[in-house]
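Taking it in order: structure first as structure tokens, then the write-up.
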Amino acid sequence: MKKLLLLFVILFGISAKAQIPGSSMHCGYDFTSYLVLHVHEQGNEDNIKNLRVTVVDSLGRDLINVNNMYSWSNANKPLEFSLNYKIDDNNKRLAEGATATKERWFFPFAKDNYLLSVANTFKADNFSVKVEDTTGTYKPVIIQLYAYNMYVLCSNESRDAAMKFGRKMNKPLEIVLEKQ
């Protein structure tokens with residue numbers, strides 16, 4: 001009977017600890033990080049629209065998200081960035097050029113930039129970003145990725161404290177394109 005009571009107390013203690021804020025809270029972005037890119041030309045801070053931006057391997061080939069290995073969305077497709085977009089009062093996507101009373105960015109942390117959702121286990125250091133202009137106005141470019149390029153949105157205070165030195169986290173990767 002004593003062993004059963006002890007087991008109950010231990011299990012109850014573990015269960016109670018899981019309910020304490022900060023010990024195991026989750027946020028809407030758990031297990032997900034983002035890569036955010038600010039792609040523009042020299043002297044102009046506006047993002048260049050209608051680019052094809054993909055993650056590539058060391059040989060420059062598009063990285064395929066085999067069985068959601070790299071991202072929780074778009075299984076078995078290339079990892080391709082998309083432009084963030086604005087939403088209206090009812091959380092519906094606004095058409096290009098449309099306005100609303102309470103318009104805001106769908107991903108507020110990304111603002112008017114390209115973004116890609118990746119798993120927290122994504123090894124950014126092993127890959128690069130390839131930017132191609134479908135109109136032929138700009139030269140294509142391949143830029144190496146690094147772990148610090150990832151926006152890790154769900155973290156804790158001890159992780160944040162460990163990252164206080166070095167490069168600033170959650171800052172878009174600047175990519176400057178040259179005209180052909």
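To be explicit about the labels: the chains of the structure tokens are called A, B, and onward in the order shown, and within each one the residues are counted from 1, while ligands get numbers from 1 in the order they are shown.
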Could you pull out the residues in stretch 22-180 of chain A that DSSP calls helix (DSSP H, G or I) from the backbone, as a list in words?
Val66, Asn67, Asn68, Ala124, Asp125, Asn126, Ala147, Tyr148, Asn149, Glu157, Ser158, Arg159, Asp160, Ala161 and Ala162 of chain A
Sorted by chain and rising residue number, which residues of stretch 52-81 of chain A lie within 7 Å of stretch 115-131 of chain A, and what are their closest atom pairs and distances in Å to one decimal, counting only C-alpha atoms, as JSON lines?
```
{"residue": "A:Arg52", "atom": "CA", "partner": "A:Val131", "partner_atom": "CA", "distance": 5.9}
{"residue": "A:Val53", "atom": "CA", "partner": "A:Val131", "partner_atom": "CA", "distance": 4.6}
{"residue": "A:Thr54", "atom": "CA", "partner": "A:Lys130", "partner_atom": "CA", "distance": 5.3}
{"residue": "A:Val55", "atom": "CA", "partner": "A:Val129", "partner_atom": "CA", "distance": 4.6}
{"residue": "A:Val56", "atom": "CA", "partner": "A:Ser128", "partner_atom": "CA", "distance": 5.3}
{"residue": "A:Asp57", "atom": "CA", "partner": "A:Phe127", "partner_atom": "CA", "distance": 5.1}
{"residue": "A:Ser58", "atom": "CA", "partner": "A:Phe127", "partner_atom": "CA", "distance": 6.4}
{"residue": "A:Tyr70", "atom": "CA", "partner": "A:Ala119", "partner_atom": "CA", "distance": 5.6}
{"residue": "A:Ser71", "atom": "CA", "partner": "A:Val118", "partner_atom": "CA", "distance": 4.2}
{"residue": "A:Trp72", "atom": "CA", "partner": "A:Ala119", "partner_atom": "CA", "distance": 6.5}
{"residue": "A:Glu80", "atom": "CA", "partner": "A:Leu116", "partner_atom": "CA", "distance": 6.9}
{"residue": "A:Phe81", "atom": "CA", "partner": "A:Leu116", "partner_atom": "CA", "distance": 4.9}
```
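Proximity ranking of A:His40, A:Lys171, A:Lys111, A:Lys139 relative to A:Val152 places A:Lys171 first, based on only C-alpha atoms.
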Per-residue DSSP, stretch 18-144 of chain A, filtered to strand (DSSP E), as a ChimeraX atom specification:
/A:32-41,51-56,82-83,86-87,104-105,114-119,128-133,141-144
Restricted to N, CA and C atoms, what would the selected residues look like written as an mmCIF file, in the first residue's frame?
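Done, and the output landed in result.cif:
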```cif
data_model
loop_
_atom_site.group_PDB
_atom_site.id
_atom_site.type_symbol
_atom_site.label_atom_id
_atom_site.label_comp_id
_atom_site.auth_asym_id
_atom_site.auth_seq_id
_atom_site.Cartn_x
_atom_site.Cartn_y
_atom_site.Cartn_z
ATOM 1 N N THR A 32 8.324 24.870 -34.964
ATOM 2 C CA THR A 32 8.436 25.544 -36.245
ATOM 3 C C THR A 32 9.332 26.764 -36.108
ATOM 4 N N SER A 33 10.133 26.981 -37.124
ATOM 5 C CA SER A 33 10.930 28.198 -37.226
ATOM 6 C C SER A 33 10.675 28.784 -38.607
ATOM 7 N N TYR A 34 11.159 29.987 -38.835
ATOM 8 C CA TYR A 34 10.963 30.633 -40.128
ATOM 9 C C TYR A 34 12.272 31.201 -40.628
ATOM 10 N N LEU A 35 12.418 31.183 -41.933
ATOM 11 C CA LEU A 35 13.496 31.892 -42.607
ATOM 12 C C LEU A 35 12.831 33.097 -43.256
ATOM 13 N N VAL A 36 13.363 34.281 -43.007
ATOM 14 C CA VAL A 36 12.783 35.516 -43.528
ATOM 15 C C VAL A 36 13.855 36.236 -44.334
ATOM 16 N N LEU A 37 13.494 36.639 -45.555
ATOM 17 C CA LEU A 37 14.451 37.272 -46.470
ATOM 18 C C LEU A 37 13.972 38.650 -46.901
ATOM 19 N N HIS A 38 14.864 39.615 -46.872
ATOM 20 C CA HIS A 38 14.600 40.944 -47.411
ATOM 21 C C HIS A 38 15.399 41.044 -48.704
ATOM 22 N N VAL A 39 14.720 40.871 -49.833
ATOM 23 C CA VAL A 39 15.376 40.835 -51.149
ATOM 24 C C VAL A 39 15.086 42.140 -51.880
ATOM 25 N N HIS A 40 16.135 42.903 -52.138
ATOM 26 C CA HIS A 40 15.970 44.216 -52.770
ATOM 27 C C HIS A 40 17.203 44.524 -53.609
ATOM 28 N N GLU A 41 17.155 45.662 -54.304
ATOM 29 C CA GLU A 41 18.333 46.092 -55.059
ATOM 30 C C GLU A 41 19.046 47.208 -54.308
ATOM 31 N N LEU A 51 9.705 36.913 -57.402
ATOM 32 C CA LEU A 51 10.948 36.161 -57.511
ATOM 33 C C LEU A 51 10.676 34.704 -57.171
ATOM 34 N N ARG A 52 11.486 33.824 -57.704
ATOM 35 C CA ARG A 52 11.438 32.423 -57.288
ATOM 36 C C ARG A 52 12.596 32.232 -56.318
ATOM 37 N N VAL A 53 12.247 31.973 -55.066
ATOM 38 C CA VAL A 53 13.259 31.849 -54.014
ATOM 39 C C VAL A 53 13.115 30.459 -53.407
ATOM 40 N N THR A 54 14.180 29.655 -53.507
ATOM 41 C CA THR A 54 14.134 28.276 -53.016
ATOM 42 C C THR A 54 15.354 27.974 -52.155
ATOM 43 N N VAL A 55 15.217 26.934 -51.354
ATOM 44 C CA VAL A 55 16.369 26.411 -50.605
ATOM 45 C C VAL A 55 17.014 25.373 -51.508
ATOM 46 N N VAL A 56 18.343 25.409 -51.604
ATOM 47 C CA VAL A 56 19.068 24.475 -52.466
ATOM 48 C C VAL A 56 20.150 23.749 -51.667
ATOM 49 N N SER A 82 7.608 32.291 -49.956
ATOM 50 C CA SER A 82 6.485 33.071 -50.473
ATOM 51 C C SER A 82 6.525 34.439 -49.805
ATOM 52 N N LEU A 83 5.864 35.403 -50.428
ATOM 53 C CA LEU A 83 5.790 36.739 -49.845
ATOM 54 C C LEU A 83 4.732 36.749 -48.749
ATOM 55 N N LYS A 86 -1.037 40.754 -46.390
ATOM 56 C CA LYS A 86 -1.868 41.422 -45.397
ATOM 57 C C LYS A 86 -3.237 40.739 -45.310
ATOM 58 N N ILE A 87 -3.830 40.842 -44.116
ATOM 59 C CA ILE A 87 -5.173 40.305 -43.894
ATOM 60 C C ILE A 87 -6.083 41.438 -43.414
ATOM 61 N N ARG A 104 -3.410 44.141 -41.442
ATOM 62 C CA ARG A 104 -2.155 43.813 -40.769
ATOM 63 C C ARG A 104 -1.495 42.649 -41.507
ATOM 64 N N TRP A 105 -0.216 42.413 -41.209
ATOM 65 C CA TRP A 105 0.522 41.333 -41.843
ATOM 66 C C TRP A 105 0.069 40.001 -41.258
ATOM 67 N N TYR A 114 9.939 37.937 -47.811
ATOM 68 C CA TYR A 114 9.742 36.535 -48.184
ATOM 69 C C TYR A 114 9.928 35.688 -46.937
ATOM 70 N N LEU A 115 9.164 34.607 -46.811
ATOM 71 C CA LEU A 115 9.344 33.735 -45.660
ATOM 72 C C LEU A 115 9.075 32.289 -46.031
ATOM 73 N N LEU A 116 9.639 31.415 -45.196
ATOM 74 C CA LEU A 116 9.483 29.971 -45.363
ATOM 75 C C LEU A 116 9.432 29.336 -43.991
ATOM 76 N N SER A 117 8.440 28.496 -43.777
ATOM 77 C CA SER A 117 8.310 27.761 -42.517
ATOM 78 C C SER A 117 9.166 26.499 -42.602
ATOM 79 N N VAL A 118 9.994 26.283 -41.591
ATOM 80 C CA VAL A 118 10.828 25.081 -41.519
ATOM 81 C C VAL A 118 10.708 24.476 -40.123
ATOM 82 N N ALA A 119 11.046 23.209 -40.008
ATOM 83 C CA ALA A 119 11.048 22.549 -38.708
ATOM 84 C C ALA A 119 12.208 23.082 -37.872
ATOM 85 N N SER A 128 21.641 26.482 -48.845
ATOM 86 C CA SER A 128 21.720 27.855 -49.333
ATOM 87 C C SER A 128 20.359 28.282 -49.845
ATOM 88 N N VAL A 129 20.233 29.573 -50.128
ATOM 89 C CA VAL A 129 19.026 30.129 -50.736
ATOM 90 C C VAL A 129 19.381 30.545 -52.152
ATOM 91 N N LYS A 130 18.537 30.161 -53.093
ATOM 92 C CA LYS A 130 18.734 30.551 -54.492
ATOM 93 C C LYS A 130 17.610 31.517 -54.873
ATOM 94 N N VAL A 131 17.996 32.691 -55.370
ATOM 95 C CA VAL A 131 17.030 33.710 -55.771
ATOM 96 C C VAL A 131 17.123 33.869 -57.280
ATOM 97 N N GLU A 132 15.982 33.678 -57.949
ATOM 98 C CA GLU A 132 15.915 33.800 -59.404
ATOM 99 C C GLU A 132 14.800 34.765 -59.773
ATOM 100 N N ASP A 133 15.083 35.659 -60.714
ATOM 101 C CA ASP A 133 14.080 36.592 -61.206
ATOM 102 C C ASP A 133 13.440 35.993 -62.447
ATOM 103 N N VAL A 141 21.225 34.584 -57.793
ATOM 104 C CA VAL A 141 22.231 34.575 -56.742
ATOM 105 C C VAL A 141 21.956 33.409 -55.792
ATOM 106 N N ILE A 142 23.034 32.850 -55.251
ATOM 107 C CA ILE A 142 22.930 31.793 -54.232
ATOM 108 C C ILE A 142 23.650 32.293 -52.987
ATOM 109 N N ILE A 143 22.936 32.274 -51.845
ATOM 110 C CA ILE A 143 23.458 32.779 -50.572
ATOM 111 C C ILE A 143 23.437 31.650 -49.539
ATOM 112 N N GLN A 144 24.556 31.451 -48.854
ATOM 113 C CA GLN A 144 24.660 30.438 -47.795
ATOM 114 C C GLN A 144 23.739 30.787 -46.630
#
```
